[in-house]
$ cat input.cif   # mmCIF, C-alpha atoms
data_structure
loop_
_atom_site.label_atom_id
_atom_site.label_comp_id
_atom_site.auth_asym_id
_atom_site.auth_seq_id
_atom_site.Cartn_x
_atom_site.Cartn_y
_atom_site.Cartn_z
CA MET A 1 0.00 0.00 0.00
CA GLY A 2 2.75 2.34 0.86
CA ASN A 3 4.50 1.71 -2.41
CA GLN A 4 1.32 2.30 -4.38
CA HIS A 5 0.63 5.50 -2.53
CA SER A 6 4.15 6.82 -3.17
CA SER A 7 3.91 5.94 -6.86
CA VAL A 8 0.61 7.74 -7.10
CA LEU A 9 2.13 10.80 -5.47
CA ALA A 10 5.10 10.67 -7.79
CA THR A 11 2.83 10.35 -10.76
CA SER A 12 0.72 13.29 -9.65
CA GLN A 13 3.78 15.44 -9.09
CA MET A 14 5.10 14.55 -12.53
CA THR A 15 1.74 15.40 -14.02
CA GLU A 16 1.64 18.74 -12.24
CA GLN A 17 5.17 19.54 -13.38
CA SER A 18 4.41 18.63 -16.96
CA PHE A 19 1.22 20.70 -16.81
CA GLU A 20 3.16 23.64 -15.44
CA ARG A 21 5.80 23.24 -18.13
CA SER A 22 3.10 23.10 -20.79
CA ASN A 23 1.47 26.17 -19.34
CA ASP A 24 4.82 27.94 -19.28
CA ASN A 25 5.44 26.94 -22.87
CA LYS A 26 1.98 28.14 -23.88
CA GLY A 27 2.55 31.43 -22.09
CA GLN A 28 5.90 31.87 -23.70
CA ASN A 29 4.46 31.08 -27.11
CA LEU A 30 1.60 33.48 -26.49
CA THR A 31 4.04 36.17 -25.42
CA GLU A 32 6.18 35.59 -28.48
CA LYS A 33 3.10 35.73 -30.71
CA THR A 34 1.98 38.94 -29.04
CA VAL A 35 5.42 40.47 -29.46
CA LEU A 36 5.54 39.41 -33.09
CA LYS A 37 2.04 40.73 -33.63
CA ASN A 38 2.94 44.03 -32.00
CA HIS A 39 6.12 44.12 -34.05
CA ASP A 40 4.14 43.54 -37.24
CA VAL A 41 1.61 46.14 -36.25
CA ASN A 42 4.33 48.67 -35.47
CA GLY A 43 6.11 47.82 -38.71
CA VAL A 44 2.89 48.31 -40.64
CA GLU A 45 2.25 51.55 -38.84
CA ARG A 46 5.77 52.72 -39.51
CA GLN A 47 5.44 51.69 -43.16
CA ASP A 48 2.12 53.49 -43.33
CA ALA A 49 3.68 56.55 -41.78
CA LEU A 50 6.55 56.43 -44.26
CA ASP A 51 4.14 55.97 -47.14
CA LEU A 52 2.07 58.88 -45.86
CA ASN A 53 5.16 61.09 -45.61
CA GLU A 54 6.21 60.08 -49.10
CA MET A 55 2.71 60.84 -50.37
CA LYS A 56 2.82 64.24 -48.69
CA THR A 57 6.27 64.93 -50.12
CA ASP A 58 5.13 63.81 -53.58
CA SER A 59 2.03 65.95 -53.33
CA GLU A 60 4.08 68.98 -52.25
CA THR A 61 6.54 68.35 -55.09
CA ASP A 62 3.67 68.00 -57.54
CA ASP A 63 2.14 71.22 -56.21
CA GLU A 64 5.44 73.04 -56.60
CA SER A 65 5.97 71.65 -60.11
CA ASP A 66 2.39 72.54 -60.98
CA GLY A 67 2.97 76.07 -59.69
CA ALA A 68 6.20 76.38 -61.66
CA ASN A 69 4.49 75.03 -64.76
CA ASP A 70 1.66 77.50 -64.23
CA ASN A 71 4.16 80.36 -63.95
CA GLU A 72 5.96 79.18 -67.08
CA ASP A 73 2.65 78.85 -68.89
CA ASP A 74 1.69 82.38 -67.86
CA GLU A 75 5.02 83.79 -69.04
CA GLU A 76 4.80 81.93 -72.35
CA LEU A 77 1.23 83.16 -72.78
CA MET A 78 2.25 86.78 -72.17
CA GLU A 79 5.20 86.43 -74.53
CA ARG A 80 2.96 84.95 -77.22
CA LEU A 81 0.43 87.74 -76.78
CA LEU A 82 3.17 90.36 -77.12
CA ILE A 83 4.51 88.70 -80.26
CA LEU A 84 1.04 88.55 -81.78
CA GLU A 85 0.46 92.22 -80.93
CA ASP A 86 3.74 93.19 -82.61
CA ALA A 87 2.85 91.14 -85.66
CA LYS A 88 -0.54 92.86 -85.80
CA GLN A 89 1.06 96.31 -85.62
CA LEU A 90 3.57 95.37 -88.36
CA LYS A 91 0.74 94.10 -90.55
CA ARG A 92 -1.16 97.36 -90.09
CA LEU A 93 1.92 99.45 -90.94
CA ALA A 94 2.68 97.33 -94.01
CA ALA A 95 -0.91 97.71 -95.24
CA ALA A 96 -0.77 101.49 -94.70
CA PHE A 97 2.57 101.68 -96.58
CA LEU A 98 1.38 99.59 -99.53
CA HIS A 99 -2.00 101.34 -99.81
CA PRO A 100 -1.58 105.06 -99.13
CA GLU A 101 -4.87 105.72 -100.91
CA ARG A 102 -6.84 104.22 -98.05
CA PRO A 103 -8.33 106.69 -95.57
CA VAL A 104 -6.92 106.93 -92.09
CA GLU A 105 -9.19 105.36 -89.52
CA VAL A 106 -9.24 107.37 -86.31
CA GLU A 107 -11.51 107.82 -83.35
CA PHE A 108 -13.99 110.68 -83.29
CA ASN A 109 -12.27 112.34 -80.34
CA ALA A 110 -8.74 112.14 -81.78
CA TYR A 111 -6.94 115.39 -82.62
CA ALA A 112 -3.90 115.95 -84.84
CA ARG A 113 -2.09 118.66 -86.73
CA CYS A 114 -0.88 118.67 -90.31
CA TYR A 115 2.73 117.63 -90.69
CA PHE A 116 3.39 120.20 -93.43
CA ASP A 117 1.64 123.08 -91.63
CA ARG A 118 3.37 122.68 -88.28
CA PRO A 119 5.26 125.72 -86.97
CA SER A 120 8.64 123.97 -87.24
CA ALA A 121 8.06 122.77 -90.81
CA PRO A 122 10.44 124.08 -93.53
CA GLU A 123 9.03 126.54 -96.01
CA GLN A 124 7.33 124.77 -98.88
CA GLU A 125 7.87 125.84 -102.48
CA THR A 126 5.16 125.91 -105.10
CA VAL A 127 4.91 123.54 -108.04
CA GLU A 128 6.13 126.22 -110.46
CA GLU A 129 9.16 126.96 -108.30
CA ALA A 130 9.98 123.25 -108.02
CA GLU A 131 9.78 122.81 -111.80
CA GLU A 132 11.94 125.89 -112.37
CA ARG A 133 14.53 124.68 -109.87
CA TYR A 134 14.59 121.28 -111.57
CA ALA A 135 15.13 122.87 -114.99
CA ILE A 136 17.95 125.10 -113.66
CA LEU A 137 19.74 122.16 -112.05
CA LYS A 138 19.39 120.15 -115.26
CA ASP A 139 20.91 123.00 -117.31
CA ALA A 140 23.76 123.36 -114.83
CA LYS A 141 24.45 119.63 -115.06
CA ASP A 142 24.52 119.77 -118.87
CA LEU A 143 26.84 122.79 -118.83
CA LYS A 144 29.18 121.03 -116.43
CA ARG A 145 29.31 118.00 -118.71
CA LEU A 146 29.99 120.13 -121.80
CA ALA A 147 32.72 122.06 -119.98
CA ALA A 148 34.39 118.81 -118.95
CA ASP A 149 34.22 117.52 -122.55
CA TYR A 150 35.70 120.77 -123.85
CA ALA A 151 38.49 120.91 -121.27
CA HIS A 152 39.37 117.23 -121.64
CA PRO A 153 39.03 116.09 -125.25
CA GLU A 154 41.09 113.01 -124.44
CA LEU A 155 38.22 111.60 -122.41
CA LYS A 156 36.23 108.91 -124.12
CA VAL A 157 32.60 109.34 -124.98
CA ASN A 158 30.40 107.40 -122.59
CA ASN A 159 27.27 106.06 -124.18
CA THR A 160 24.75 103.70 -122.58
CA ASP A 161 22.38 103.45 -125.55
CA TYR A 162 23.42 100.55 -127.77
CA LEU A 163 21.01 101.73 -130.48
CA SER A 164 22.60 105.17 -130.83
CA CYS A 165 24.74 105.90 -133.89
CA ALA A 166 26.91 108.84 -134.93
CA ARG A 167 29.10 110.06 -137.78
CA CYS A 168 32.67 111.24 -137.74
CA TYR A 169 33.10 114.98 -137.54
CA PHE A 170 35.91 114.98 -140.11
CA ASP A 171 34.13 112.68 -142.58
CA ARG A 172 30.82 114.55 -142.70
CA PRO A 173 29.67 115.81 -146.14
CA SER A 174 29.99 119.48 -145.14
CA ALA A 175 33.50 119.08 -143.75
CA PRO A 176 36.33 120.95 -145.57
CA GLU A 177 38.64 118.92 -147.74
CA GLN A 178 41.48 117.41 -145.79
CA GLU A 179 45.02 117.56 -147.15
CA SER A 180 47.51 114.76 -146.82
CA VAL A 181 50.64 114.85 -144.69
CA GLU A 182 52.87 115.47 -147.73
CA ASP A 183 50.76 118.40 -148.83
CA ALA A 184 50.87 119.85 -145.33
CA ASN A 185 54.66 119.60 -145.17
CA GLU A 186 55.04 121.20 -148.64
CA ARG A 187 52.74 124.03 -147.64
CA ALA A 188 54.78 124.65 -144.48
CA LEU A 189 58.04 124.87 -146.51
CA ILE A 190 56.50 127.30 -148.99
CA LEU A 191 55.24 129.53 -146.19
CA GLN A 192 58.72 129.50 -144.58
CA ASP A 193 60.35 130.59 -147.88
CA VAL A 194 57.83 133.38 -148.27
CA GLU A 195 58.60 134.61 -144.78
CA ASN A 196 62.35 134.64 -145.49
CA LEU A 197 61.84 136.55 -148.76
CA ARG A 198 59.71 139.10 -146.94
CA LYS A 199 62.47 139.71 -144.40
CA ALA A 200 65.10 140.03 -147.15
CA ALA A 201 62.98 142.54 -149.07
CA LEU A 202 62.39 144.56 -145.91
CA GLU A 203 66.13 144.74 -145.16
CA TYR A 204 66.90 145.73 -148.74
CA LEU A 205 64.38 148.54 -148.72
CA HIS A 206 65.42 149.83 -145.29
CA PRO A 207 69.19 149.47 -144.84
CA GLU A 208 69.07 151.97 -141.99
CA LEU A 209 67.36 149.45 -139.78
CA GLY A 210 69.61 147.82 -137.25
CA VAL A 211 70.47 144.22 -137.45
CA VAL A 212 68.60 142.19 -134.88
CA THR A 213 70.15 138.97 -133.73
CA SER A 214 69.50 136.63 -130.85
CA ASP A 215 72.93 134.92 -130.99
CA SER A 216 75.37 136.53 -128.55
CA THR A 217 78.36 134.85 -130.23
CA ALA A 218 77.56 136.04 -133.74
CA CYS A 219 80.00 138.44 -135.42
CA ALA A 220 80.01 140.29 -138.80
CA ARG A 221 81.78 142.95 -140.82
CA CYS A 222 80.44 146.13 -142.24
CA TYR A 223 79.34 145.93 -145.82
CA PHE A 224 80.75 149.32 -146.71
CA ASP A 225 84.12 148.77 -144.98
CA ARG A 226 84.87 145.40 -146.48
CA ALA A 227 88.06 144.94 -148.41
CA SER A 228 86.33 144.47 -151.71
CA ALA A 229 84.07 147.47 -151.27
CA LEU A 230 84.20 150.33 -153.79
CA GLU A 231 86.04 153.39 -152.76
CA GLN A 232 83.71 155.92 -151.35
CA GLU A 233 83.86 159.61 -152.26
CA SER A 234 84.34 162.04 -149.52
#

$ encode --input "input.cif" --output "structure tokens"
Amino acid sequence: MGNQHSSVLATSQMTEQSFERSNDNKGQNLTEKTVLKNHDVNGVERQDALDLNEMKTDSETDDESDGANDNEDDEELMERLLILEDAKQLKRLAAAFLHPERPVEVEFNAYARCYFDRPSAPEQETVEEAEERYAILKDAKDLKRLAADYAHPELKVNNTDYLSCARCYFDRPSAPEQESVEDANERALILQDVENLRKAALEYLHPELGVVTSDSTACARCYFDRASALEQES
């Protein structure tokens, strides 16, 4: 009986110990699961917080980029409007330049003065005075050209009309007959002989005239005192 009772007690103690160990193991497992669960929850929360911060950062970046894009779009729009306005003004000026016959479109309350009647405008000449001035300048230009042609006969004649034609001044029908070079030389010799004869006749008729010479080294004897002269009466 004693042995059976001790075995029962031993068995009960072993059962209690095993139960306690199992409970300890269950508690430990439960604690580990709780820790893991809390860890997962904290990780998820941290991940969510990081994702939220990233979303905020992305949204702020997008807002800034959108603002910059809006500013760039506004600047481009203003630049385009200015360019279009300049093009419109240039078109209007070109049309006014090409079509001066068109009337000037102005507002009813616009005021202006005449450009030609302004106090600082130069004095305007009449149509008759302008035509007279033009004719005078044209005559002066023609006279200048003729004077240059007369003073410089070596200058060539400039002609821009390929259809123009002219005749030679010396070959015209009314031109005097031209002599050859031989005839001109013969005529010059004859005229020289005539001039010498005239001088000789003048000296013969007027022996009282002094002898004129241009040669400082020339010498001569007196005709009446020569050795072969006739004896003169006293």

$ atom_distance --input "input.cif" --atom1 "atom CA of Phe116 of chain A" --atom2 "atom CA of Ala94 of chain A"
22.9 Å

$ atom_distance --input "input.cif" --atom1 "atom CA of Asp149 of chain A" --atom2 "atom CA of Gln178 of chain A"
24.3 Å

$ atom_distance --input "input.cif" --atom1 "atom CA of Cys114 of chain A" --atom2 "atom CA of Phe97 of chain A"
18.4 Å

$ decode --input "input.cif" --residues "segment 171-200 of chain A" --atoms "N, CA and C atoms" --output "short mmCIF file (atom, residue, chain, number, x, y, z; two decimals), in the first residue's frame"
data_model
loop_
_atom_site.label_atom_id
_atom_site.label_comp_id
_atom_site.auth_asym_id
_atom_site.auth_seq_id
_atom_site.Cartn_x
_atom_site.Cartn_y
_atom_site.Cartn_z
N ASP A 171 34.59 113.34 -141.35
CA ASP A 171 34.13 112.68 -142.58
C ASP A 171 32.73 113.11 -142.99
N ARG A 172 32.17 114.11 -142.35
CA ARG A 172 30.82 114.55 -142.70
C ARG A 172 30.82 115.20 -144.09
N PRO A 173 29.69 115.23 -144.78
CA PRO A 173 29.67 115.81 -146.14
C PRO A 173 30.04 117.28 -146.19
N SER A 174 29.70 118.04 -145.14
CA SER A 174 29.99 119.48 -145.14
C SER A 174 31.37 119.82 -144.60
N ALA A 175 32.17 118.82 -144.29
CA ALA A 175 33.50 119.08 -143.75
C ALA A 175 34.43 119.57 -144.85
N PRO A 176 35.37 120.48 -144.55
CA PRO A 176 36.33 120.95 -145.57
C PRO A 176 37.26 119.81 -146.01
N GLU A 177 37.78 119.97 -147.22
CA GLU A 177 38.64 118.92 -147.74
C GLU A 177 39.92 118.82 -146.94
N GLN A 178 40.30 117.64 -146.59
CA GLN A 178 41.48 117.41 -145.79
C GLN A 178 42.68 117.16 -146.71
N GLU A 179 43.81 117.77 -146.37
CA GLU A 179 45.02 117.56 -147.15
C GLU A 179 45.84 116.47 -146.50
N SER A 180 46.67 115.85 -147.30
CA SER A 180 47.51 114.76 -146.82
C SER A 180 48.69 115.31 -146.03
N VAL A 181 49.47 114.43 -145.47
CA VAL A 181 50.64 114.85 -144.69
C VAL A 181 51.70 115.47 -145.60
N GLU A 182 51.88 114.91 -146.80
CA GLU A 182 52.87 115.47 -147.73
C GLU A 182 52.49 116.87 -148.16
N ASP A 183 51.21 117.06 -148.44
CA ASP A 183 50.76 118.40 -148.83
C ASP A 183 50.94 119.39 -147.69
N ALA A 184 50.69 118.96 -146.47
CA ALA A 184 50.87 119.85 -145.33
C ALA A 184 52.33 120.23 -145.13
N ASN A 185 53.24 119.29 -145.31
CA ASN A 185 54.66 119.60 -145.17
C ASN A 185 55.14 120.56 -146.28
N GLU A 186 54.67 120.32 -147.52
CA GLU A 186 55.04 121.20 -148.64
C GLU A 186 54.52 122.61 -148.42
N ARG A 187 53.31 122.71 -147.90
CA ARG A 187 52.74 124.03 -147.64
C ARG A 187 53.53 124.75 -146.56
N ALA A 188 53.99 124.03 -145.54
CA ALA A 188 54.78 124.65 -144.48
C ALA A 188 56.12 125.16 -145.01
N LEU A 189 56.77 124.41 -145.92
CA LEU A 189 58.04 124.87 -146.51
C LEU A 189 57.84 126.12 -147.36
N ILE A 190 56.78 126.14 -148.14
CA ILE A 190 56.50 127.30 -148.99
C ILE A 190 56.27 128.54 -148.15
N LEU A 191 55.50 128.38 -147.07
CA LEU A 191 55.24 129.53 -146.19
C LEU A 191 56.52 130.00 -145.51
N GLN A 192 57.44 129.11 -145.18
CA GLN A 192 58.72 129.50 -144.58
C GLN A 192 59.57 130.28 -145.58
N ASP A 193 59.60 129.86 -146.85
CA ASP A 193 60.35 130.59 -147.88
C ASP A 193 59.76 131.98 -148.10
N VAL A 194 58.48 132.06 -148.10
CA VAL A 194 57.83 133.38 -148.27
C VAL A 194 58.18 134.31 -147.13
N GLU A 195 58.24 133.78 -145.93
CA GLU A 195 58.60 134.61 -144.78
C GLU A 195 60.05 135.08 -144.87
N ASN A 196 60.95 134.24 -145.34
CA ASN A 196 62.35 134.64 -145.49
C ASN A 196 62.51 135.71 -146.59
N LEU A 197 61.80 135.56 -147.69
CA LEU A 197 61.84 136.55 -148.76
C LEU A 197 61.31 137.90 -148.29
N ARG A 198 60.28 137.85 -147.45
CA ARG A 198 59.71 139.10 -146.94
C ARG A 198 60.73 139.82 -146.06
N LYS A 199 61.45 139.09 -145.24
CA LYS A 199 62.47 139.71 -144.40
C LYS A 199 63.60 140.29 -145.25
N ALA A 200 64.01 139.53 -146.28
CA ALA A 200 65.10 140.03 -147.15
C ALA A 200 64.68 141.31 -147.89
#
